[in-house]
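upload.pdb (PDB, C-alpha atoms)
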```pdb
ATOM      1  CA  MET H   8      -3.096  22.758 -11.548  1.00  0.00           C
ATOM      2  CA  GLN H   9      -0.308  20.175 -11.590  1.00  0.00           C
ATOM      3  CA  GLU H  10      -0.276  17.866 -14.595  1.00  0.00           C
ATOM      4  CA  PRO H  11      -0.273  14.142 -13.763  1.00  0.00           C
ATOM      5  CA  ASP H  12       3.065  12.361 -14.124  1.00  0.00           C
ATOM      6  CA  PRO H  13       2.892  10.591 -17.519  1.00  0.00           C
ATOM      7  CA  GLU H  14       5.042   7.704 -16.245  1.00  0.00           C
ATOM      8  CA  LEU H  15       2.640   7.075 -13.375  1.00  0.00           C
ATOM      9  CA  GLN H  16      -0.332   7.337 -15.722  1.00  0.00           C
ATOM     10  CA  LYS H  17       1.127   4.477 -17.774  1.00  0.00           C
ATOM     11  CA  ARG H  18       0.784   2.255 -14.706  1.00  0.00           C
ATOM     12  CA  LEU H  19      -2.916   2.979 -14.294  1.00  0.00           C
ATOM     13  CA  PRO H  20      -5.308   0.551 -15.997  1.00  0.00           C
ATOM     14  CA  PRO H  21      -8.309   2.019 -17.846  1.00  0.00           C
ATOM     15  CA  GLY H  22     -10.859   3.746 -15.628  1.00  0.00           C
ATOM     16  CA  GLN H  23      -8.581   3.915 -12.562  1.00  0.00           C
ATOM     17  CA  VAL H  24      -7.682   6.964 -10.436  1.00  0.00           C
ATOM     18  CA  LEU H  25      -4.436   7.247  -8.467  1.00  0.00           C
ATOM     19  CA  THR H  26      -4.644   7.583  -4.670  1.00  0.00           C
ATOM     20  CA  GLY H  27      -2.000   7.951  -1.976  1.00  0.00           C
ATOM     21  CA  LYS H  28      -4.377   6.624   0.665  1.00  0.00           C
ATOM     22  CA  TRP H  29      -5.447   3.054   1.253  1.00  0.00           C
ATOM     23  CA  PRO H  30      -9.263   2.976   1.398  1.00  0.00           C
ATOM     24  CA  VAL H  31     -10.840   0.384   3.688  1.00  0.00           C
ATOM     25  CA  LEU H  32     -13.524  -1.600   1.864  1.00  0.00           C
ATOM     26  CA  THR H  33     -15.023  -4.526   3.744  1.00  0.00           C
ATOM     27  CA  TYR H  34     -18.230  -6.508   3.510  1.00  0.00           C
ATOM     28  CA  GLY H  35     -19.303  -6.996   7.114  1.00  0.00           C
ATOM     29  CA  LEU H  36     -17.310  -6.524  10.301  1.00  0.00           C
ATOM     30  CA  THR H  37     -13.528  -6.759  10.596  1.00  0.00           C
ATOM     31  CA  PRO H  38     -12.678 -10.115  12.238  1.00  0.00           C
ATOM     32  CA  HIS H  39     -10.190 -10.436  15.087  1.00  0.00           C
ATOM     33  CA  PRO H  40      -9.339 -14.154  15.226  1.00  0.00           C
ATOM     34  CA  SER H  41      -7.622 -15.874  18.137  1.00  0.00           C
ATOM     35  CA  MET H  42      -4.070 -16.545  16.996  1.00  0.00           C
ATOM     36  CA  ARG H  43      -3.882 -19.593  19.268  1.00  0.00           C
ATOM     37  CA  LYS H  44      -6.618 -21.163  17.130  1.00  0.00           C
ATOM     38  CA  TRP H  45      -5.508 -19.697  13.787  1.00  0.00           C
ATOM     39  CA  THR H  46      -4.622 -22.183  11.049  1.00  0.00           C
ATOM     40  CA  PHE H  47      -3.975 -22.074   7.333  1.00  0.00           C
ATOM     41  CA  ARG H  48      -4.742 -25.195   5.336  1.00  0.00           C
ATOM     42  CA  CYS H  49      -4.644 -26.552   1.791  1.00  0.00           C
ATOM     43  CA  PHE H  50      -7.238 -29.173   0.892  1.00  0.00           C
ATOM     44  CA  GLY H  51      -9.405 -30.470  -1.945  1.00  0.00           C
ATOM     45  CA  LEU H  52      -7.585 -31.956  -4.942  1.00  0.00           C
ATOM     46  CA  VAL H  53      -4.323 -32.579  -3.087  1.00  0.00           C
ATOM     47  CA  GLU H  54      -2.578 -35.843  -2.294  1.00  0.00           C
ATOM     48  CA  GLU H  55      -2.675 -35.012   1.409  1.00  0.00           C
ATOM     49  CA  GLU H  56      -4.220 -32.092   3.305  1.00  0.00           C
ATOM     50  CA  VAL H  57      -1.627 -29.714   4.743  1.00  0.00           C
ATOM     51  CA  SER H  58      -2.108 -27.193   7.546  1.00  0.00           C
ATOM     52  CA  TRP H  59      -0.046 -24.793   9.634  1.00  0.00           C
ATOM     53  CA  THR H  60      -0.616 -23.161  12.998  1.00  0.00           C
ATOM     54  CA  TRP H  61       0.249 -19.463  13.259  1.00  0.00           C
ATOM     55  CA  GLU H  62       3.597 -20.280  14.886  1.00  0.00           C
ATOM     56  CA  GLU H  63       4.419 -22.799  12.150  1.00  0.00           C
ATOM     57  CA  PHE H  64       3.336 -20.367   9.447  1.00  0.00           C
ATOM     58  CA  LEU H  65       5.666 -17.653  10.778  1.00  0.00           C
ATOM     59  CA  LYS H  66       8.624 -20.032  10.491  1.00  0.00           C
ATOM     60  CA  LEU H  67       8.230 -20.396   6.713  1.00  0.00           C
ATOM     61  CA  PRO H  68      10.822 -18.483   4.633  1.00  0.00           C
ATOM     62  CA  ARG H  69       9.813 -14.885   3.818  1.00  0.00           C
ATOM     63  CA  ALA H  70       9.881 -12.919   0.587  1.00  0.00           C
ATOM     64  CA  GLU H  71       9.373  -9.240  -0.309  1.00  0.00           C
ATOM     65  CA  ILE H  72       7.487  -8.064  -3.390  1.00  0.00           C
ATOM     66  CA  THR H  73       6.633  -4.521  -4.507  1.00  0.00           C
ATOM     67  CA  SER H  74       3.467  -4.178  -6.566  1.00  0.00           C
ATOM     68  CA  ASP H  75       0.604  -1.882  -7.506  1.00  0.00           C
ATOM     69  CA  VAL H  76      -2.959  -2.315  -6.248  1.00  0.00           C
ATOM     70  CA  HIS H  77      -5.979  -1.808  -8.502  1.00  0.00           C
ATOM     71  CA  CYS H  78      -9.403  -1.901  -6.866  1.00  0.00           C
ATOM     72  CA  VAL H  79     -12.549  -2.633  -8.874  1.00  0.00           C
ATOM     73  CA  THR H  80     -14.073   0.508  -7.279  1.00  0.00           C
ATOM     74  CA  ARG H  81     -11.633   2.465  -9.504  1.00  0.00           C
ATOM     75  CA  TRP H  82      -8.792   3.525  -7.200  1.00  0.00           C
ATOM     76  CA  SER H  83      -5.180   2.441  -7.624  1.00  0.00           C
ATOM     77  CA  LYS H  84      -2.350   2.621  -5.082  1.00  0.00           C
ATOM     78  CA  LEU H  85       1.167   2.259  -6.458  1.00  0.00           C
ATOM     79  CA  GLU H  86       4.432   0.951  -4.971  1.00  0.00           C
ATOM     80  CA  ASN H  87       3.151  -1.271  -2.180  1.00  0.00           C
ATOM     81  CA  ARG H  88       5.904  -3.239  -0.446  1.00  0.00           C
ATOM     82  CA  TRP H  89       4.676  -6.591   0.818  1.00  0.00           C
ATOM     83  CA  GLU H  90       6.424  -9.128   3.025  1.00  0.00           C
ATOM     84  CA  GLY H  91       5.134 -12.625   3.541  1.00  0.00           C
ATOM     85  CA  ILE H  92       5.153 -16.212   2.304  1.00  0.00           C
ATOM     86  CA  HIS H  93       5.700 -16.483  -1.444  1.00  0.00           C
ATOM     87  CA  ILE H  94       3.081 -18.718  -3.053  1.00  0.00           C
ATOM     88  CA  ARG H  95       5.757 -20.950  -4.551  1.00  0.00           C
ATOM     89  CA  GLU H  96       7.312 -21.454  -1.140  1.00  0.00           C
ATOM     90  CA  LEU H  97       3.921 -22.544   0.171  1.00  0.00           C
ATOM     91  CA  MET H  98       3.390 -24.890  -2.771  1.00  0.00           C
ATOM     92  CA  LYS H  99       6.611 -26.756  -1.951  1.00  0.00           C
ATOM     93  CA  HIS H 100       4.578 -28.348   0.843  1.00  0.00           C
ATOM     94  CA  VAL H 101       1.476 -29.168  -1.240  1.00  0.00           C
ATOM     95  CA  LYS H 102       1.143 -31.945  -3.834  1.00  0.00           C
ATOM     96  CA  ILE H 103      -1.803 -31.025  -6.022  1.00  0.00           C
ATOM     97  CA  ARG H 104      -3.557 -33.591  -8.183  1.00  0.00           C
ATOM     98  CA  PRO H 105      -3.332 -33.283 -11.997  1.00  0.00           C
ATOM     99  CA  GLN H 106      -7.015 -32.398 -12.404  1.00  0.00           C
ATOM    100  CA  ALA H 107      -6.754 -29.283 -10.200  1.00  0.00           C
ATOM    101  CA  ALA H 108      -7.517 -26.192 -12.317  1.00  0.00           C
ATOM    102  CA  ALA H 109      -8.573 -23.490  -9.863  1.00  0.00           C
ATOM    103  CA  VAL H 110      -8.423 -22.528  -6.207  1.00  0.00           C
ATOM    104  CA  MET H 111     -11.262 -21.391  -3.981  1.00  0.00           C
ATOM    105  CA  ILE H 112      -9.811 -18.938  -1.471  1.00  0.00           C
ATOM    106  CA  HIS H 113     -11.466 -19.274   1.942  1.00  0.00           C
ATOM    107  CA  ALA H 114     -11.282 -16.417   4.431  1.00  0.00           C
ATOM    108  CA  GLU H 115     -12.783 -15.463   7.786  1.00  0.00           C
ATOM    109  CA  ALA H 116     -16.580 -15.200   8.122  1.00  0.00           C
ATOM    110  CA  GLY H 117     -17.187 -17.563   5.204  1.00  0.00           C
ATOM    111  CA  TYR H 118     -15.870 -15.195   2.507  1.00  0.00           C
ATOM    112  CA  THR H 119     -14.624 -16.857  -0.681  1.00  0.00           C
ATOM    113  CA  THR H 120     -13.196 -15.879  -4.036  1.00  0.00           C
ATOM    114  CA  THR H 121     -11.889 -18.035  -6.859  1.00  0.00           C
ATOM    115  CA  ILE H 122      -8.667 -17.867  -8.865  1.00  0.00           C
ATOM    116  CA  GLY H 123      -7.362 -19.968 -11.726  1.00  0.00           C
ATOM    117  CA  LEU H 124      -4.377 -22.079 -10.709  1.00  0.00           C
ATOM    118  CA  GLU H 125      -2.047 -20.385 -13.215  1.00  0.00           C
ATOM    119  CA  ASP H 126      -2.916 -16.945 -11.846  1.00  0.00           C
ATOM    120  CA  LEU H 127      -2.283 -18.065  -8.277  1.00  0.00           C
ATOM    121  CA  ILE H 128       1.027 -19.856  -8.738  1.00  0.00           C
ATOM    122  CA  ASP H 129       2.919 -16.944 -10.246  1.00  0.00           C
ATOM    123  CA  ASP H 130       6.064 -14.896  -9.552  1.00  0.00           C
ATOM    124  CA  ASP H 131       4.355 -11.931  -7.875  1.00  0.00           C
ATOM    125  CA  VAL H 132       1.833 -13.708  -5.600  1.00  0.00           C
ATOM    126  CA  LEU H 133       2.274 -14.097  -1.856  1.00  0.00           C
ATOM    127  CA  LEU H 134       0.463 -14.421   1.430  1.00  0.00           C
ATOM    128  CA  ALA H 135       1.244 -11.037   2.947  1.00  0.00           C
ATOM    129  CA  LEU H 136       1.963 -10.479   6.629  1.00  0.00           C
ATOM    130  CA  LYS H 137       3.388  -6.954   6.330  1.00  0.00           C
ATOM    131  CA  HIS H 138       2.760  -3.850   4.215  1.00  0.00           C
ATOM    132  CA  ASN H 139       5.471  -1.195   3.838  1.00  0.00           C
ATOM    133  CA  GLY H 140       7.411  -2.650   6.757  1.00  0.00           C
ATOM    134  CA  ARG H 141       4.541  -2.852   9.245  1.00  0.00           C
ATOM    135  CA  ASP H 142       2.337  -5.742  10.307  1.00  0.00           C
ATOM    136  CA  LEU H 143      -0.866  -5.790   8.279  1.00  0.00           C
ATOM    137  CA  GLU H 144      -3.621  -4.017  10.175  1.00  0.00           C
ATOM    138  CA  PRO H 145      -6.866  -5.982  10.656  1.00  0.00           C
ATOM    139  CA  ASP H 146      -8.821  -3.512   8.485  1.00  0.00           C
ATOM    140  CA  HIS H 147      -6.473  -4.309   5.594  1.00  0.00           C
ATOM    141  CA  GLY H 148      -6.563  -8.077   5.995  1.00  0.00           C
ATOM    142  CA  GLY H 149      -4.202  -8.753   8.903  1.00  0.00           C
ATOM    143  CA  PRO H 150      -2.881 -11.025  10.143  1.00  0.00           C
ATOM    144  CA  CYS H 151      -2.619 -12.539   6.647  1.00  0.00           C
ATOM    145  CA  ARG H 152      -4.023 -11.666   3.249  1.00  0.00           C
ATOM    146  CA  LEU H 153      -3.499 -12.938  -0.257  1.00  0.00           C
ATOM    147  CA  VAL H 154      -1.893 -10.533  -2.763  1.00  0.00           C
ATOM    148  CA  VAL H 155      -2.447 -11.183  -6.492  1.00  0.00           C
ATOM    149  CA  PRO H 156      -1.325  -7.929  -8.177  1.00  0.00           C
ATOM    150  CA  LYS H 157      -2.363  -8.835 -11.728  1.00  0.00           C
ATOM    151  CA  LEU H 158      -6.072  -8.997 -10.770  1.00  0.00           C
ATOM    152  CA  TYR H 159      -8.509  -6.541  -9.221  1.00  0.00           C
ATOM    153  CA  PHE H 160      -7.954  -6.349  -5.489  1.00  0.00           C
ATOM    154  CA  TRP H 161     -11.086  -8.250  -4.409  1.00  0.00           C
ATOM    155  CA  LYS H 162      -9.230 -11.369  -5.580  1.00  0.00           C
ATOM    156  CA  SER H 163      -6.540 -10.593  -2.968  1.00  0.00           C
ATOM    157  CA  ALA H 164      -8.719 -11.894  -0.160  1.00  0.00           C
ATOM    158  CA  LYS H 165      -8.323 -10.437   3.326  1.00  0.00           C
ATOM    159  CA  TRP H 166      -8.038 -12.680   6.412  1.00  0.00           C
ATOM    160  CA  VAL H 167      -7.238 -15.700   4.284  1.00  0.00           C
ATOM    161  CA  ARG H 168      -7.410 -19.098   5.992  1.00  0.00           C
ATOM    162  CA  ALA H 169      -7.421 -21.825   3.334  1.00  0.00           C
ATOM    163  CA  PHE H 170      -6.915 -22.834  -0.291  1.00  0.00           C
ATOM    164  CA  GLU H 171      -9.336 -25.396  -1.709  1.00  0.00           C
ATOM    165  CA  PHE H 172      -8.047 -26.904  -4.961  1.00  0.00           C
ATOM    166  CA  LEU H 173     -10.836 -27.608  -7.462  1.00  0.00           C
ATOM    167  CA  ASP H 174     -11.250 -29.053 -10.946  1.00  0.00           C
ATOM    168  CA  VAL H 175     -13.644 -26.213 -11.860  1.00  0.00           C
ATOM    169  CA  ASN H 176     -13.327 -22.441 -11.642  1.00  0.00           C
ATOM    170  CA  ALA H 177     -16.387 -21.918  -9.439  1.00  0.00           C
ATOM    171  CA  PRO H 178     -17.657 -18.440  -8.429  1.00  0.00           C
ATOM    172  CA  GLY H 179     -16.974 -17.219  -4.904  1.00  0.00           C
ATOM    173  CA  PHE H 180     -18.823 -14.559  -2.889  1.00  0.00           C
ATOM    174  CA  TRP H 181     -18.402 -11.517  -5.161  1.00  0.00           C
ATOM    175  CA  GLU H 182     -18.464 -13.588  -8.346  1.00  0.00           C
ATOM    176  CA  VAL H 183     -21.876 -14.950  -7.351  1.00  0.00           C
ATOM    177  CA  ASN H 184     -22.951 -11.369  -6.659  1.00  0.00           C
ATOM    178  CA  GLY H 185     -22.147 -10.003 -10.095  1.00  0.00           C
ATOM    179  CA  TYR H 186     -18.372  -9.600 -10.311  1.00  0.00           C
ATOM    180  CA  HIS H 187     -16.258 -10.978 -13.153  1.00  0.00           C
ATOM    181  CA  MET H 188     -14.816 -14.484 -12.842  1.00  0.00           C
ATOM    182  CA  HIS H 189     -11.305 -13.398 -13.861  1.00  0.00           C
ATOM    183  CA  GLY H 190     -10.878  -9.709 -12.952  1.00  0.00           C
ATOM    184  CA  ASP H 191      -8.032  -8.419 -15.148  1.00  0.00           C
ATOM    185  CA  PRO H 192      -7.814  -4.623 -14.534  1.00  0.00           C
ATOM    186  CA  TRP H 193      -6.130  -3.941 -17.874  1.00  0.00           C
ATOM    187  CA  LYS H 194      -9.130  -5.465 -19.649  1.00  0.00           C
ATOM    188  CA  GLU H 195     -11.596  -3.819 -17.190  1.00  0.00           C
ATOM    189  CA  GLU H 196     -13.062  -7.215 -16.297  1.00  0.00           C
ATOM    190  CA  ARG H 197     -15.230  -5.785 -13.518  1.00  0.00           C
ATOM    191  CA  TYR H 198     -18.665  -7.409 -13.793  1.00  0.00           C
ATOM    192  CA  SER H 199     -20.217 -10.700 -14.852  1.00  0.00           C
ATOM    193  CA  ASP H 200     -22.152  -9.139 -17.744  1.00  0.00           C
ATOM    194  CA  GLN H 201     -18.752  -8.500 -19.403  1.00  0.00           C
ATOM    195  CA  GLU H 202     -17.904 -12.202 -19.492  1.00  0.00           C
ATOM    196  CA  THR H 203     -17.815 -14.045 -22.777  1.00  0.00           C
ATOM    197  CA  ARG H 204     -20.585 -16.540 -23.480  1.00  0.00           C
ATOM    198  CA  ALA H 205     -18.104 -19.388 -23.002  1.00  0.00           C
ATOM    199  CA  MET H 206     -17.086 -18.020 -19.601  1.00  0.00           C
ATOM    200  CA  GLN H 207     -20.718 -17.670 -18.523  1.00  0.00           C
ATOM    201  CA  GLN H 208     -21.365 -21.270 -19.571  1.00  0.00           C
ATOM    202  CA  MET H 209     -18.331 -22.399 -17.566  1.00  0.00           C
ATOM    203  CA  ARG H 210     -19.597 -20.431 -14.554  1.00  0.00           C
ATOM    204  CA  ALA H 211     -23.025 -22.116 -14.760  1.00  0.00           C
ATOM    205  CA  GLU H 212     -21.499 -25.567 -15.227  1.00  0.00           C
ATOM    206  CA  ALA H 213     -19.154 -25.060 -12.265  1.00  0.00           C
ATOM    207  CA  LEU H 214     -22.068 -24.094 -10.027  1.00  0.00           C
ATOM    208  CA  ARG H 215     -24.043 -27.159 -11.109  1.00  0.00           C
ATOM    209  CA  LYS H 216     -21.060 -29.403 -10.486  1.00  0.00           C
ATOM    210  CA  LEU H 217     -20.496 -28.037  -6.978  1.00  0.00           C
ATOM    211  CA  ARG H 218     -24.184 -28.355  -6.082  1.00  0.00           C
ATOM    212  CA  ASP H 219     -24.193 -32.003  -7.208  1.00  0.00           C
ATOM    213  CA  ARG H 220     -21.305 -32.956  -4.916  1.00  0.00           C
TER     214      ARG H 220
END
```
Taking this structure as input, can you express it in the form of structure tokens?
Amino acid sequence: MQEPDPELQKRLPPGQVLTGKWPVLTYGLTPHPSMRKWTFRCFGLVEEEVSWTWEEFLKLPRAEITSDVHCVTRWSKLENRWEGIHIRELMKHVKIRPQAAAVMIHAEAGYTTTIGLEDLIDDDVLLALKHNGRDLEPDHGGPCRLVVPKLYFWKSAKWVRAFEFLDVNAPGFWEVNGYHMHGDPWKEERYSDQETRAMQQMRAEALRKLRDR
């Protein structure tokens, strides 16, 4: 039996198992949107809403980033080469208001997940159009998915369509259904029952605030 490479093992967060495959995990059916109607928009706590058609989106400058993927279901896939729109390139076109603290990621079929603003606007985050030199397949989030390597992969929403800037870090689809608000794989932040009391209070307050709007 071959011993695992110790250097690779160092890149695996606690509880993760290395895979060479890319498992397909999706809640519901894989969407196939009309690209003539496709848009990506930024709204909420911004000075002015911004949106792009697919053709306009493809004209934005591209970046390449190589990163590891860590799924909350305990598999990790290393050395993924992504090509797409770097988050900081996108943010050149968006003027967020000072009170913005988090972003609700909106995707096809009403899926949402939430990310703190600091985690989103970071060096290794992009809206990916390609994986290892090929267009993203629909099963893996094509035509466009978010990639946030520092967090469990459910935060890297497939089929992303919009960023909503909020003043509260409100739970999205999986966070409402028992997943952790933050999702750091190195801290094994998998489920909501692992959250601190302060984080649980913030979660409850954010839900109340959104319901009152």
So which residues touch region 112-115 of chain H within 12 Å, counting all atoms listed in the file, skipping near sequence neighbours fewer than 5 positions away, as a count of residues only? 51
Find the distance between CA of Met98 (chain H) and CA of Asp191 (chain H) and write it in Å to one decimal.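 Pair CA of Met98 (chain H) / CA of Asp191 (chain H) returns 23.6 Å.
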On this structure, which residues satisfy the PyMOL selection byres ((chain H and resi 190) around 9), written as an MDAnalysis selection string? chainID H and resid 79 157:162 186:189 191:198
Which is closest to Trp89 (chain H) among H:Pro105, H:Pro21, H:Pro156, H:Gly117, if we use all atoms listed in the file? H:Pro156
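Proximity ranking of H:Leu143, H:Leu52, H:Ile128, H:Leu136 relative to Arg69 (chain H) places H:Leu136 first, based on all atoms listed in the file.
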Could you state which residues are captured by the PyMOL selection byres ((chain H and resi 31) around 7) in this file, as a list in words? Trp29, Pro30, Leu32, Thr33, Asp146 and His147 of chain H
So how many Å separate CA of Glu56 (chain H) and CA of Asp174 (chain H), to one decimal?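 Distance reported for this atom pair: 16.2 Å.
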Using all atoms listed in the file, the best pick from H:Leu85, H:Pro13, H:Glu54, H:Glu90 as closest to Thr26 (chain H) would be H:Leu85
Straight-line distance linking CA of Ala109 (chain H) with CA of Glu63 (chain H), stated in Å to one decimal: 25.6 Å
So that I can check the surroundings of Gln16 (chain H), please list as a list in words every protein, DNA and RNA residue that reaches within 12 Å of it, counting only C-alpha atoms and ignoring chain neighbours fewer than 4 positions away. Glu10, Pro11, Asp12, Pro20, Pro21, Gly22, Gln23, Val24, Leu25, Thr26, Ser83, Lys84 and Leu85 of chain H
Which of H:Asp126, H:Gln208, H:Ser58, H:Leu15 sits closest to Ala108 (chain H) [using all atoms listed in the file]: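 Checking each candidate against Ala108 (chain H), we get H:Asp126 as the closest.
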Measuring between all atoms listed in the file, which one of H:Met206, H:Thr119, H:Met42, H:Glu125 shows the shortest distance to Ile94 (chain H)? H:Glu125
Residues returned when the PyMOL selection byres ((chain H and resi 140) around 12) runs on this file, as a list in words: Glu71, Ile72, Thr73, Asn87, Arg88, Trp89, Glu90, Gly91, Ala135, Leu136, Lys137, His138, Asn139, Arg141, Asp142, Leu143 and Glu144 of chain H
